[in-house]
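**Student:** Structure file coords-v2.cif (mmCIF, C-alpha atoms and all ligand atoms) is given on the next line.
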data_work
loop_
_atom_site.label_atom_id
_atom_site.label_comp_id
_atom_site.auth_asym_id
_atom_site.auth_seq_id
_atom_site.Cartn_x
_atom_site.Cartn_y
_atom_site.Cartn_z
CA HIS A 1 27.94 -37.29 -9.22
CA HIS A 2 27.62 -39.71 -12.10
CA HIS A 3 31.01 -38.70 -13.53
CA VAL A 4 33.99 -36.97 -11.87
CA LEU A 5 35.44 -34.60 -14.46
CA THR A 6 36.26 -31.47 -12.46
CA LEU A 7 36.29 -30.20 -8.88
CA ALA A 8 34.73 -26.90 -9.96
CA ASP A 9 31.26 -28.21 -9.09
CA PHE A 10 32.15 -30.16 -5.94
CA THR A 11 30.18 -29.16 -2.86
CA LEU A 12 31.65 -28.90 0.64
CA ALA A 13 29.61 -31.95 1.66
CA GLU A 14 31.01 -33.94 -1.27
CA TYR A 15 34.59 -33.18 -0.27
CA ASP A 16 33.84 -34.40 3.24
CA THR A 17 32.14 -37.55 1.93
CA VAL A 18 35.24 -38.39 -0.13
CA LEU A 19 37.54 -37.69 2.84
CA GLN A 20 35.51 -39.81 5.26
CA THR A 21 35.08 -42.65 2.78
CA ALA A 22 38.81 -42.60 2.01
CA ALA A 23 39.56 -42.73 5.76
CA SER A 24 37.43 -45.85 6.10
CA PHE A 25 39.24 -47.47 3.17
CA GLN A 26 42.58 -46.46 4.68
CA GLU A 27 41.51 -48.55 7.66
CA VAL A 28 40.58 -51.45 5.34
CA LEU A 29 44.03 -51.20 3.72
CA SER A 30 45.69 -51.51 7.13
CA ARG A 31 44.03 -54.93 7.65
CA ARG A 32 45.62 -58.19 6.61
CA THR A 33 43.11 -58.95 3.83
CA LYS A 34 42.97 -55.34 2.49
CA LYS A 35 39.98 -56.18 0.32
CA VAL A 36 36.22 -55.58 0.30
CA PRO A 37 33.60 -57.00 -2.08
CA SER A 38 31.93 -53.63 -2.85
CA LEU A 39 32.42 -53.62 -6.64
CA GLN A 40 32.38 -57.34 -7.28
CA GLY A 41 31.33 -58.01 -10.89
CA GLN A 42 31.97 -54.45 -12.03
CA VAL A 43 34.55 -53.61 -14.68
CA VAL A 44 36.90 -50.64 -14.28
CA ALA A 45 38.83 -49.74 -17.45
CA ASN A 46 41.91 -47.54 -17.17
CA LEU A 47 42.12 -45.77 -20.52
CA PHE A 48 45.45 -43.96 -20.48
CA PHE A 49 46.22 -42.05 -23.66
CA GLU A 50 49.13 -40.32 -21.88
CA ALA A 51 51.94 -41.72 -19.73
CA SER A 52 51.40 -42.40 -16.04
CA THR A 53 52.94 -44.35 -13.20
CA ARG A 54 51.07 -43.34 -10.03
CA THR A 55 47.58 -42.58 -11.24
CA ARG A 56 47.16 -45.64 -13.44
CA SER A 57 48.61 -48.09 -10.93
CA SER A 58 46.74 -46.67 -7.96
CA PHE A 59 43.40 -46.69 -9.82
CA GLU A 60 44.12 -50.31 -10.75
CA LEU A 61 45.01 -51.29 -7.20
CA ALA A 62 42.04 -49.36 -5.81
CA ALA A 63 39.68 -51.19 -8.18
CA LYS A 64 41.20 -54.55 -7.23
CA ARG A 65 40.91 -53.82 -3.50
CA LEU A 66 37.20 -53.21 -4.17
CA SER A 67 37.02 -56.59 -5.97
CA ALA A 68 36.27 -55.06 -9.38
CA ASP A 69 37.74 -56.51 -12.57
CA THR A 70 40.23 -54.20 -14.22
CA LEU A 71 41.22 -53.54 -17.81
CA ASN A 72 44.34 -51.54 -18.55
CA PHE A 73 44.82 -49.70 -21.80
CA ALA A 74 47.89 -47.71 -22.85
CA SER A 75 47.57 -45.94 -26.18
CA ALA A 76 51.12 -46.77 -27.32
CA THR A 77 50.33 -50.51 -27.34
CA SER A 78 46.73 -50.17 -28.55
CA SER A 79 44.87 -49.93 -31.85
CA ILE A 80 45.04 -46.13 -31.53
CA THR A 81 48.38 -46.67 -33.31
CA LYS A 82 46.36 -48.12 -36.24
CA GLY A 83 44.08 -45.10 -36.42
CA GLU A 84 41.18 -46.06 -34.16
CA THR A 85 39.56 -42.96 -32.68
CA ILE A 86 39.24 -42.17 -28.98
CA LEU A 87 35.46 -42.47 -29.02
CA ASP A 88 35.59 -45.78 -30.89
CA THR A 89 38.10 -47.01 -28.29
CA ALA A 90 35.72 -46.00 -25.49
CA LYS A 91 32.80 -47.72 -27.27
CA THR A 92 34.91 -50.88 -27.61
CA TYR A 93 35.41 -50.94 -23.84
CA LEU A 94 31.70 -50.22 -23.38
CA ALA A 95 30.87 -53.27 -25.51
CA MET A 96 32.96 -55.42 -23.14
CA GLY A 97 30.77 -54.35 -20.24
CA THR A 98 32.87 -51.61 -18.70
CA ASP A 99 31.12 -49.81 -15.84
CA ILE A 100 33.69 -47.14 -14.97
CA MET A 101 36.17 -45.55 -17.39
CA VAL A 102 39.20 -43.83 -15.89
CA ILE A 103 40.59 -41.55 -18.58
CA ARG A 104 43.82 -39.64 -19.04
CA HIS A 105 44.62 -37.68 -22.19
CA ARG A 106 47.03 -34.92 -23.15
CA GLU A 107 44.18 -32.72 -24.41
CA ALA A 108 41.82 -30.88 -22.10
CA GLY A 109 38.23 -32.06 -22.38
CA VAL A 110 38.68 -35.62 -23.66
CA PRO A 111 37.09 -37.19 -20.51
CA ASN A 112 34.21 -34.69 -20.87
CA ALA A 113 33.75 -35.69 -24.51
CA ILE A 114 33.68 -39.40 -23.66
CA ALA A 115 31.28 -38.80 -20.74
CA ALA A 116 29.00 -36.81 -23.05
CA GLU A 117 29.06 -39.62 -25.60
CA MET A 118 28.19 -42.21 -22.94
CA ASP A 119 25.30 -40.02 -21.76
CA ARG A 120 24.13 -39.54 -25.35
CA LEU A 121 24.11 -43.30 -25.81
CA GLY A 122 22.01 -43.59 -22.65
CA VAL A 123 24.39 -46.05 -20.97
CA LYS A 124 25.15 -46.07 -17.25
CA VAL A 125 28.90 -45.75 -17.62
CA SER A 126 30.76 -43.38 -15.31
CA VAL A 127 33.83 -41.44 -16.40
CA LEU A 128 36.61 -40.40 -14.02
CA ASN A 129 39.07 -37.78 -15.20
CA ALA A 130 42.60 -39.03 -14.46
CA GLY A 131 44.21 -35.88 -15.86
CA ASP A 132 43.28 -34.03 -19.06
CA GLY A 133 45.89 -31.77 -20.61
CA GLN A 134 46.30 -28.56 -18.64
CA HIS A 135 42.74 -28.70 -17.36
CA GLU A 136 42.12 -30.82 -14.24
CA HIS A 137 43.34 -33.80 -12.22
CA PRO A 138 40.57 -34.22 -9.63
CA SER A 139 41.76 -37.45 -7.98
CA GLN A 140 45.22 -35.93 -7.43
CA ALA A 141 43.77 -32.86 -5.69
CA LEU A 142 41.52 -35.08 -3.56
CA LEU A 143 44.46 -37.22 -2.48
CA ASP A 144 46.45 -34.07 -1.71
CA LEU A 145 43.52 -32.86 0.39
CA PHE A 146 43.28 -36.23 2.17
CA THR A 147 47.03 -36.30 2.84
CA ILE A 148 46.94 -32.86 4.45
CA CYS A 149 43.72 -33.39 6.41
CA THR A 150 44.81 -36.79 7.80
CA LEU A 151 48.06 -35.22 8.93
CA ILE A 152 46.08 -32.66 10.95
CA ASP A 153 43.46 -35.10 12.28
CA PRO A 154 44.04 -38.75 11.32
CA GLU A 155 40.82 -39.87 13.02
CA ASN A 156 38.50 -37.42 11.33
CA PRO A 157 39.83 -35.80 8.16
CA ARG A 158 37.49 -33.01 7.02
CA LEU A 159 37.60 -29.92 4.90
CA GLU A 160 37.24 -27.40 7.74
CA LEU A 161 40.65 -28.44 9.13
CA LEU A 162 42.24 -26.32 6.39
CA LYS A 163 40.42 -23.12 7.25
CA ASN A 164 42.96 -20.27 7.40
CA LYS A 165 45.92 -22.57 6.80
CA LYS A 166 48.40 -21.01 4.40
CA ILE A 167 49.19 -23.23 1.42
CA ALA A 168 51.74 -22.23 -1.21
CA ILE A 169 51.52 -23.77 -4.69
CA VAL A 170 54.83 -23.23 -6.43
CA GLY A 171 56.11 -23.66 -9.95
CA ASP A 172 54.70 -24.42 -13.36
CA ILE A 173 51.14 -23.29 -12.70
CA LEU A 174 50.60 -22.61 -16.41
CA HIS A 175 50.74 -26.25 -17.44
CA SER A 176 49.47 -27.78 -14.21
CA ARG A 177 46.13 -29.58 -14.09
CA VAL A 178 47.11 -30.50 -10.52
CA ALA A 179 47.26 -26.82 -9.57
CA ARG A 180 43.90 -26.10 -11.21
CA SER A 181 42.11 -28.87 -9.33
CA ASN A 182 43.86 -27.98 -6.07
CA ILE A 183 42.84 -24.35 -6.42
CA TRP A 184 39.18 -25.44 -6.41
CA SER A 185 39.45 -27.74 -3.39
CA LEU A 186 41.80 -25.63 -1.28
CA THR A 187 39.97 -22.34 -1.79
CA ALA A 188 36.70 -24.15 -1.03
CA SER A 189 38.20 -25.27 2.29
CA GLY A 190 38.85 -21.70 3.39
CA ALA A 191 42.64 -22.08 3.20
CA GLN A 192 44.71 -19.09 2.11
CA VAL A 193 46.11 -20.28 -1.21
CA HIS A 194 49.22 -18.53 -2.53
CA LEU A 195 50.49 -19.29 -6.02
CA ALA A 196 54.11 -18.48 -6.87
CA ALA A 197 55.60 -18.78 -10.33
CA PRO A 198 57.67 -16.75 -12.76
CA PRO A 199 55.40 -14.67 -15.06
CA THR A 200 56.23 -17.02 -17.93
CA LEU A 201 54.70 -19.96 -16.07
CA LEU A 202 51.48 -18.33 -14.91
CA PRO A 203 48.33 -18.23 -17.05
CA GLN A 204 47.49 -14.85 -18.55
CA LEU A 205 44.28 -15.02 -16.59
CA PHE A 206 46.24 -14.68 -13.35
CA ALA A 207 48.30 -11.65 -14.40
CA ASP A 208 45.62 -9.20 -13.25
CA TYR A 209 45.61 -10.75 -9.80
CA VAL A 210 49.31 -10.52 -8.92
CA SER A 211 49.56 -9.24 -5.36
CA ASP A 212 50.92 -5.79 -4.57
CA ASP A 213 53.39 -7.29 -2.14
CA GLU A 214 55.90 -8.12 -4.82
CA VAL A 215 59.31 -6.55 -5.32
CA GLY A 216 60.66 -3.45 -3.63
CA GLU A 217 58.32 -3.47 -0.67
CA GLU A 218 59.64 -3.16 2.85
CA ASP A 219 58.33 -6.48 3.99
CA GLN A 220 59.85 -8.41 1.17
CA GLY A 221 61.24 -11.04 3.52
CA ARG A 222 63.80 -12.59 1.23
CA GLY A 223 65.24 -13.89 4.46
CA GLY A 224 68.09 -16.28 4.57
CA PRO A 225 68.53 -18.69 7.45
CA GLY A 226 67.44 -17.26 10.76
CA GLU A 227 65.37 -14.39 9.36
CA ARG A 228 62.24 -16.50 9.08
CA GLY A 229 60.91 -14.16 6.46
CA ARG A 230 60.07 -11.27 8.71
CA GLY A 231 61.29 -7.77 8.05
CA GLY A 232 63.86 -7.82 5.33
CA ASP A 233 64.89 -4.47 3.91
CA GLY A 234 64.48 -2.39 0.81
CA GLU A 235 67.83 -3.42 -0.57
CA ARG A 236 66.80 -7.04 -0.45
CA GLY A 237 63.55 -6.18 -2.18
CA ARG A 238 65.36 -4.42 -5.00
CA GLN A 239 67.65 -7.39 -5.26
CA GLY A 240 64.55 -9.51 -5.76
CA GLU A 241 63.44 -7.21 -8.57
CA LYS A 242 66.75 -7.64 -10.33
CA GLU A 243 66.53 -11.38 -10.04
CA ASN A 244 63.06 -11.40 -11.45
CA SER A 245 63.99 -9.31 -14.46
CA LYS A 246 67.02 -11.49 -15.00
CA PHE A 247 64.64 -14.39 -15.22
CA ASN A 248 62.62 -12.63 -17.88
CA THR A 249 65.77 -11.79 -19.81
CA LEU A 250 66.60 -15.45 -20.00
CA SER A 251 63.10 -16.13 -21.29
CA PRO A 252 63.16 -13.26 -23.80
CA THR A 253 59.57 -13.31 -24.97
CA PRO A 254 57.42 -13.52 -21.86
CA PRO A 255 54.53 -15.39 -23.50
CA LEU A 256 51.93 -15.15 -20.82
CA LEU A 257 49.43 -16.93 -22.99
CA HIS A 258 50.11 -20.62 -23.17
CA SER A 259 51.02 -21.70 -26.63
CA SER A 260 49.63 -25.20 -26.92
CA THR A 261 47.01 -25.91 -29.52
CA PRO A 262 43.51 -25.64 -28.09
CA PRO A 263 41.58 -28.90 -28.06
CA LEU A 264 39.67 -29.74 -31.20
CA PRO A 265 35.91 -29.63 -30.86
CA THR A 266 34.11 -32.92 -31.43
CA PRO A 267 30.71 -33.27 -33.05
CA HIS A 268 29.35 -34.61 -29.78
CA SER A 269 30.10 -32.10 -27.10
CA PRO A 270 31.54 -28.67 -26.53
CA LEU A 271 34.89 -28.96 -24.81
CA PRO A 272 35.77 -26.91 -21.79
CA THR A 273 38.47 -24.30 -22.11
CA PRO A 274 41.81 -25.47 -20.70
CA HIS A 275 41.52 -22.98 -17.86
CA SER A 276 38.51 -23.10 -15.62
CA PRO A 277 37.43 -19.69 -14.39
CA LEU A 278 39.33 -18.47 -11.34
CA PRO A 279 37.64 -19.00 -8.03
CA ASN A 280 38.19 -15.54 -6.68
CA ARG A 281 38.40 -16.39 -2.99
CA ASN A 282 41.41 -16.77 -0.72
CA LEU A 283 43.65 -16.86 -3.76
CA PHE A 284 46.84 -14.82 -4.02
CA ILE A 285 49.22 -14.73 -6.97
CA HIS A 286 52.92 -13.92 -6.71
CA TRP A 287 55.75 -13.60 -9.20
CA GLN A 288 58.21 -14.33 -6.41
CA LEU A 289 58.55 -17.22 -4.06
CA GLU A 290 59.13 -15.52 -0.73
CA PRO A 291 55.71 -13.91 -0.11
CA ALA A 292 54.08 -17.25 -0.86
CA LEU A 293 56.40 -19.21 1.45
CA LYS A 294 56.26 -16.77 4.34
CA ASP A 295 54.61 -18.53 7.30
CA ALA A 296 53.16 -21.23 5.04
CA ASP A 297 51.83 -24.41 6.65
CA PHE A 298 52.11 -26.48 3.47
CA VAL A 299 54.09 -26.04 0.25
CA MET A 300 52.97 -27.81 -2.90
CA THR A 301 55.67 -28.01 -5.51
CA LEU A 302 54.84 -28.72 -9.15
CA ARG A 303 56.82 -30.41 -11.88
CA LEU A 304 58.20 -28.29 -14.68
CA GLN A 305 56.24 -29.88 -17.53
CA LYS A 306 58.91 -29.78 -20.18
CA GLU A 307 56.82 -31.92 -22.53
CA ARG A 308 54.20 -29.17 -22.72
CA MET A 309 56.67 -26.32 -23.19
CA THR A 310 57.92 -24.76 -26.34
CA ALA A 311 61.65 -24.01 -26.17
CA HIS A 312 61.20 -20.33 -25.33
CA LEU A 313 59.11 -21.18 -22.26
CA LEU A 314 61.62 -23.59 -20.73
CA PRO A 315 63.70 -21.76 -18.14
CA SER A 316 67.28 -22.64 -17.31
CA LEU A 317 66.86 -25.45 -14.79
CA ARG A 318 69.71 -24.13 -12.65
CA GLU A 319 68.17 -20.69 -12.48
CA TYR A 320 64.71 -22.09 -11.89
CA HIS A 321 65.99 -24.12 -8.96
CA GLN A 322 67.76 -21.08 -7.56
CA MET A 323 64.63 -18.93 -7.70
CA PHE A 324 61.69 -21.30 -7.25
CA GLY A 325 63.21 -24.63 -6.19
CA ILE A 326 62.25 -25.59 -2.63
CA THR A 327 65.23 -26.17 -0.36
CA ARG A 328 65.77 -26.43 3.39
CA THR A 329 67.01 -22.85 3.47
CA LYS A 330 63.93 -21.48 1.75
CA LEU A 331 61.66 -23.53 4.01
CA GLN A 332 62.91 -21.47 6.95
CA LEU A 333 60.52 -18.77 5.75
CA CYS A 334 57.62 -21.11 6.50
CA GLN A 335 56.08 -22.30 9.75
CA PRO A 336 58.39 -24.67 11.67
CA HIS A 337 55.89 -27.51 11.12
CA VAL A 338 55.76 -26.95 7.33
CA LYS A 339 55.33 -29.98 5.06
CA VAL A 340 56.13 -30.22 1.36
CA LEU A 341 54.04 -31.98 -1.26
CA HIS A 342 54.73 -32.87 -4.88
CA PRO A 343 52.33 -34.80 -7.13
CA GLY A 344 55.18 -36.59 -8.90
CA PRO A 345 56.93 -37.40 -11.07
CA VAL A 346 59.69 -35.15 -9.68
CA ASN A 347 62.54 -33.52 -11.55
CA ARG A 348 64.99 -34.18 -8.71
CA GLY A 349 67.01 -31.11 -7.80
CA VAL A 350 64.86 -28.78 -9.93
CA GLU A 351 61.53 -28.03 -8.24
CA ILE A 352 62.69 -29.55 -4.94
CA SER A 353 66.15 -30.35 -3.66
CA SER A 354 66.96 -34.03 -3.69
CA ASP A 355 67.69 -34.32 0.05
CA LEU A 356 64.49 -32.51 1.02
CA MET A 357 62.45 -34.79 -1.21
CA ASP A 358 63.74 -37.80 0.73
CA ASP A 359 63.44 -36.26 4.21
CA PRO A 360 60.38 -37.70 5.99
CA GLU A 361 60.38 -34.79 8.44
CA PHE A 362 59.30 -32.46 5.66
CA SER A 363 58.29 -34.49 2.62
CA LEU A 364 54.77 -35.89 2.18
CA ILE A 365 55.53 -37.25 -1.29
CA GLN A 366 55.38 -40.93 -0.34
CA ALA A 367 52.35 -40.31 1.88
CA GLN A 368 50.59 -38.75 -1.11
CA VAL A 369 51.14 -41.89 -3.15
CA THR A 370 49.87 -44.07 -0.30
CA SER A 371 46.80 -41.84 0.15
CA GLY A 372 46.09 -42.16 -3.56
CA VAL A 373 44.91 -45.75 -3.24
CA ALA A 374 42.39 -45.04 -0.45
CA VAL A 375 41.12 -41.87 -2.16
CA ARG A 376 40.67 -43.65 -5.50
CA MET A 377 38.91 -46.51 -3.71
CA ALA A 378 36.56 -43.88 -2.27
CA LEU A 379 35.88 -42.35 -5.70
CA LEU A 380 35.29 -45.72 -7.38
CA TYR A 381 33.12 -46.88 -4.48
CA LEU A 382 31.00 -43.72 -4.34
CA ILE A 383 30.46 -43.78 -8.10
CA GLY A 384 30.21 -47.56 -8.44
CA SER A 385 27.84 -48.17 -5.55
CA GLY A 386 25.50 -45.50 -6.92
CA ARG A 387 25.22 -47.49 -10.12
CA SER A 388 23.60 -50.65 -8.79
N1 LIG B 401 50.78 -37.40 -10.10
C1 LIG B 401 50.56 -38.08 -11.25
O1 LIG B 401 49.56 -37.88 -11.94
O2 LIG B 401 51.55 -38.98 -11.59
P1 LIG B 401 51.53 -39.94 -12.87
O3 LIG B 401 51.65 -39.04 -14.08
O4 LIG B 401 52.70 -40.86 -12.71
O5 LIG B 401 50.21 -40.65 -12.87
#
Take the structure from the file and write it as structure tokens.
Ligand code: CP
**Tutor:**
Amino acid sequence: HHHVLTLADFTLAEYDTVLQTAASFQEVLSRRTKKVPSLQGQVVANLFFEASTRTRSSFELAAKRLSADTLNFASATSSITKGETILDTAKTYLAMGTDIMVIRHREAGVPNAIAAEMDRLGVKVSVLNAGDGQHEHPSQALLDLFTICTLIDPENPRLELLKNKKIAIVGDILHSRVARSNIWSLTASGAQVHLAAPPTLLPQLFADYVSDDEVGEEDQGRGGPGERGRGGDGERGRQGEKENSKFNTLSPTPPLLHSSTPPLPTPHSPLPTPHSPLPNRNLFIHWQLEPALKDADFVMTLRLQKERMTAHLLPSLREYHQMFGITRTKLQLCQPHVKVLHPGPVNRGVEISSDLMDDPEFSLIQAQVTSGVAVRMALLYLIGSGRS
């Protein structure tokens, strides 16, 4: 790959190359010097048109560990505030000799548009998507993959380790570029991927795929402590139905279509739609949490993205936590060895209970952040070394 804009076109071999390369950089990071000369003389520009803590800092650190020179741009302190366009900003960084542009923007397709412009200009600049609107966040999904695979086999992380593992992705799927990228990688691995969200926070596209195992079925498994999700009874199932409709009552217009403005087309390239087509393998959609959690090996929680929600989409946080927040009690439905992930930033006590978030027995949140540096080193190295 010249650019990394999406995981939709990643091959199985490419996933394994990233995982193995990241593992070798993880080893480098455990040494005293922590640094290799691989990208000496190259310039990595972090062009962040939207807020970030983890992604921007870990791309910067990854570039520095590879001995590249780094430029950091944040739109709020840039000449964007004076009316400079995104493409003119990118061309300014090009003129300074940038080799790799790492781009985050609140609109889907901006990294694609910049990559297309660089290609049109015939320059050898690579673009890495660091999160574009509700579209994709490839480096996040790759670091999630690395975190899970290294937990299973630290010596040899590889995609096949996830085959037939059950992975629940819970929460604000509608607005989540993290979920979209993870759906590509995890379904490619052969994992059983179960999405759980209230209907208001699932894309319309998914509505046709909601599993038949929802409310009112015998095996509803709303189990409390000790039930471990097996059995359950009809009464519990009907209770689940009531809770679900209560949720919809509190969000009176269930707007299954997301309401954000679609990205504006540019003269230079057609933009992708915010939602990539569904990979129709190993993917299960639920309007309730329990069927997704039942016997899960890993649970990925997602942030409620309030900044992308119109008021009628925002659920009551208390009710959301009650129904979809991950707690110790709800984890008892999962496998005993279950681990919980969250891309961050976390709304503490909303999508995950505060004590669970801090419990190293269950939480991989800090490990994800640590993995991010090695995985981003791998991406920069694989792209950057192909350039020379
Ligand atoms: N996970 C993630 O993208 O975090 P930041 O928004 O802080 O970069």
**Student:** Hey, which of A:Cys334, A:Val102, A:Ala311, A:Ala191 ends up closest to Asn46 (chain A)? Count only C-alpha atoms.
**Tutor:** A:Val102
**Student:** Report the distance between CA of Ser126 (chain A) and CA of Ala76 (chain A) in Å, rounded to one decimal place.
**Tutor:**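 Atom-to-atom, CA of Ser126 (chain A) to CA of Ala76 (chain A), that is 23.9 Å.
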**Student:** Please provide as a ChimeraX atom specification all residues within 9 Å of Thr21 (chain A), with the sequence filter that same-chain residues fewer than 3 positions apart are discarded (counting all atoms listed in the file).
**Tutor:** /A:16-18,24-26,374-375,377-379,381-382
**Student:** Store the residues picked out above, limited to C-alpha atoms, as a CSV table (one decimal), in the frame of the given file.
**Tutor:**
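Just written: part-v1.csv:
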chain,number,residue,atom,x,y,z
A,16,ASP,CA,33.8,-34.4,3.2
A,17,THR,CA,32.1,-37.6,1.9
A,18,VAL,CA,35.2,-38.4,-0.1
A,24,SER,CA,37.4,-45.8,6.1
A,25,PHE,CA,39.2,-47.5,3.2
A,26,GLN,CA,42.6,-46.5,4.7
A,374,ALA,CA,42.4,-45.0,-0.4
A,375,VAL,CA,41.1,-41.9,-2.2
A,377,MET,CA,38.9,-46.5,-3.7
A,378,ALA,CA,36.6,-43.9,-2.3
A,379,LEU,CA,35.9,-42.4,-5.7
A,381,TYR,CA,33.1,-46.9,-4.5
A,382,LEU,CA,31.0,-43.7,-4.3
**Student:** Find the residues near ligand LIG 401 (chain B). Use a cut-off of 7 Å, count only C-alpha atoms and all ligand atoms, and write them as a PyMOL selection string.
**Tutor:** chain A and resi 51-56+131+140+343-345
**Student:** Excluding Leu94 (chain A) and any residue of its chain fewer than 2 positions from it, enumerate the residues within 12 Å of it, using only C-alpha atoms, and give them as a list in words.
**Tutor:**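 Near Leu94 (chain A), the qualifying residues are Val43, Val44, Ala45, Leu47, Leu71, Leu87, Asp88, Thr89, Ala90, Lys91, Thr92, Met96, Gly97, Thr98, Asp99, Ile100, Met101, Ile114, Ala115, Glu117, Met118, Leu121, Gly122, Val123, Lys124, Val125, Ser126 and Val127 of chain A.
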**Student:** I'd like the neighbourhood of Glu160 (chain A) as a list in words, where a residue qualifies if any of its atoms comes within 10 Å (using all atoms listed in the file), though same-chain residues fewer than 6 positions away should be ignored.
**Tutor:** Leu12, Asp16, Cys149, Ala188, Ser189, Gly190 and Ala191 of chain A
**Student:** Excluding Ile183 (chain A) and residues on its chain fewer than 4 positions from it, collect all residues at most 12 Å away from it, counting all atoms listed in the file, and give them as a PyMOL selection string.
**Tutor:** chain A and resi 6-8+135-138+140-142+144-145+167-169+173+176-179+187-195+275-285+300
**Student:** Could you write out that same residue set with C-alpha atoms as a PDB file, in the frame of the given file?
**Tutor:**
ATOM      1  CA  THR A   6      36.260 -31.470 -12.460  1.00  0.00           C
ATOM      2  CA  LEU A   7      36.290 -30.200  -8.880  1.00  0.00           C
ATOM      3  CA  ALA A   8      34.730 -26.900  -9.960  1.00  0.00           C
ATOM      4  CA  HIS A 135      42.740 -28.700 -17.360  1.00  0.00           C
ATOM      5  CA  GLU A 136      42.120 -30.820 -14.240  1.00  0.00           C
ATOM      6  CA  HIS A 137      43.340 -33.800 -12.220  1.00  0.00           C
ATOM      7  CA  PRO A 138      40.570 -34.220  -9.630  1.00  0.00           C
ATOM      8  CA  GLN A 140      45.220 -35.930  -7.430  1.00  0.00           C
ATOM      9  CA  ALA A 141      43.770 -32.860  -5.690  1.00  0.00           C
ATOM     10  CA  LEU A 142      41.520 -35.080  -3.560  1.00  0.00           C
ATOM     11  CA  ASP A 144      46.450 -34.070  -1.710  1.00  0.00           C
ATOM     12  CA  LEU A 145      43.520 -32.860   0.390  1.00  0.00           C
ATOM     13  CA  ILE A 167      49.190 -23.230   1.420  1.00  0.00           C
ATOM     14  CA  ALA A 168      51.740 -22.230  -1.210  1.00  0.00           C
ATOM     15  CA  ILE A 169      51.520 -23.770  -4.690  1.00  0.00           C
ATOM     16  CA  ILE A 173      51.140 -23.290 -12.700  1.00  0.00           C
ATOM     17  CA  SER A 176      49.470 -27.780 -14.210  1.00  0.00           C
ATOM     18  CA  ARG A 177      46.130 -29.580 -14.090  1.00  0.00           C
ATOM     19  CA  VAL A 178      47.110 -30.500 -10.520  1.00  0.00           C
ATOM     20  CA  ALA A 179      47.260 -26.820  -9.570  1.00  0.00           C
ATOM     21  CA  THR A 187      39.970 -22.340  -1.790  1.00  0.00           C
ATOM     22  CA  ALA A 188      36.700 -24.150  -1.030  1.00  0.00           C
ATOM     23  CA  SER A 189      38.200 -25.270   2.290  1.00  0.00           C
ATOM     24  CA  GLY A 190      38.850 -21.700   3.390  1.00  0.00           C
ATOM     25  CA  ALA A 191      42.640 -22.080   3.200  1.00  0.00           C
ATOM     26  CA  GLN A 192      44.710 -19.090   2.110  1.00  0.00           C
ATOM     27  CA  VAL A 193      46.110 -20.280  -1.210  1.00  0.00           C
ATOM     28  CA  HIS A 194      49.220 -18.530  -2.530  1.00  0.00           C
ATOM     29  CA  LEU A 195      50.490 -19.290  -6.020  1.00  0.00           C
ATOM     30  CA  HIS A 275      41.520 -22.980 -17.860  1.00  0.00           C
ATOM     31  CA  SER A 276      38.510 -23.100 -15.620  1.00  0.00           C
ATOM     32  CA  PRO A 277      37.430 -19.690 -14.390  1.00  0.00           C
ATOM     33  CA  LEU A 278      39.330 -18.470 -11.340  1.00  0.00           C
ATOM     34  CA  PRO A 279      37.640 -19.000  -8.030  1.00  0.00           C
ATOM     35  CA  ASN A 280      38.190 -15.540  -6.680  1.00  0.00           C
ATOM     36  CA  ARG A 281      38.400 -16.390  -2.990  1.00  0.00           C
ATOM     37  CA  ASN A 282      41.410 -16.770  -0.720  1.00  0.00           C
ATOM     38  CA  LEU A 283      43.650 -16.860  -3.760  1.00  0.00           C
ATOM     39  CA  PHE A 284      46.840 -14.820  -4.020  1.00  0.00           C
ATOM     40  CA  ILE A 285      49.220 -14.730  -6.970  1.00  0.00           C
ATOM     41  CA  MET A 300      52.970 -27.810  -2.900  1.00  0.00           C
TER      42      MET A 300
END
**Student:** Return the single residue from A:Arg376, A:Lys64, A:His3, A:Arg158 that is closest to Ala116 (chain A), with distances computed using only C-alpha atoms.
**Tutor:**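 Among the listed residues, A:His3 lies closest to Ala116 (chain A).
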**Student:** Considering only C-alpha atoms, can you say which of A:Thr370, A:Thr327, A:Asn156, A:Thr301 comes closest to Asp172 (chain A)?
**Tutor:** A:Thr301
**Student:** Can you tell me how far CA of Gln305 (chain A) sits from CA of Ser211 (chain A), in Å to one decimal?
**Tutor:**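 Taking CA of Gln305 (chain A) as the start and CA of Ser211 (chain A) as the end point, the length is 24.9 Å.
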**Student:** Can you tell me which residues surround Arg303 (chain A) at a distance of at most 7 Å, considering only C-alpha atoms, apart from same-chain residues fewer than 5 positions away, and format the answer as a tab-separated table (two decimals) with C-alpha atoms, in the frame of the given file?
**Tutor:**
chain	number	residue	atom	x	y	z
A	172	ASP	CA	54.70	-24.42	-13.36
A	346	VAL	CA	59.69	-35.15	-9.68
A	347	ASN	CA	62.54	-33.52	-11.55
A	351	GLU	CA	61.53	-28.03	-8.24
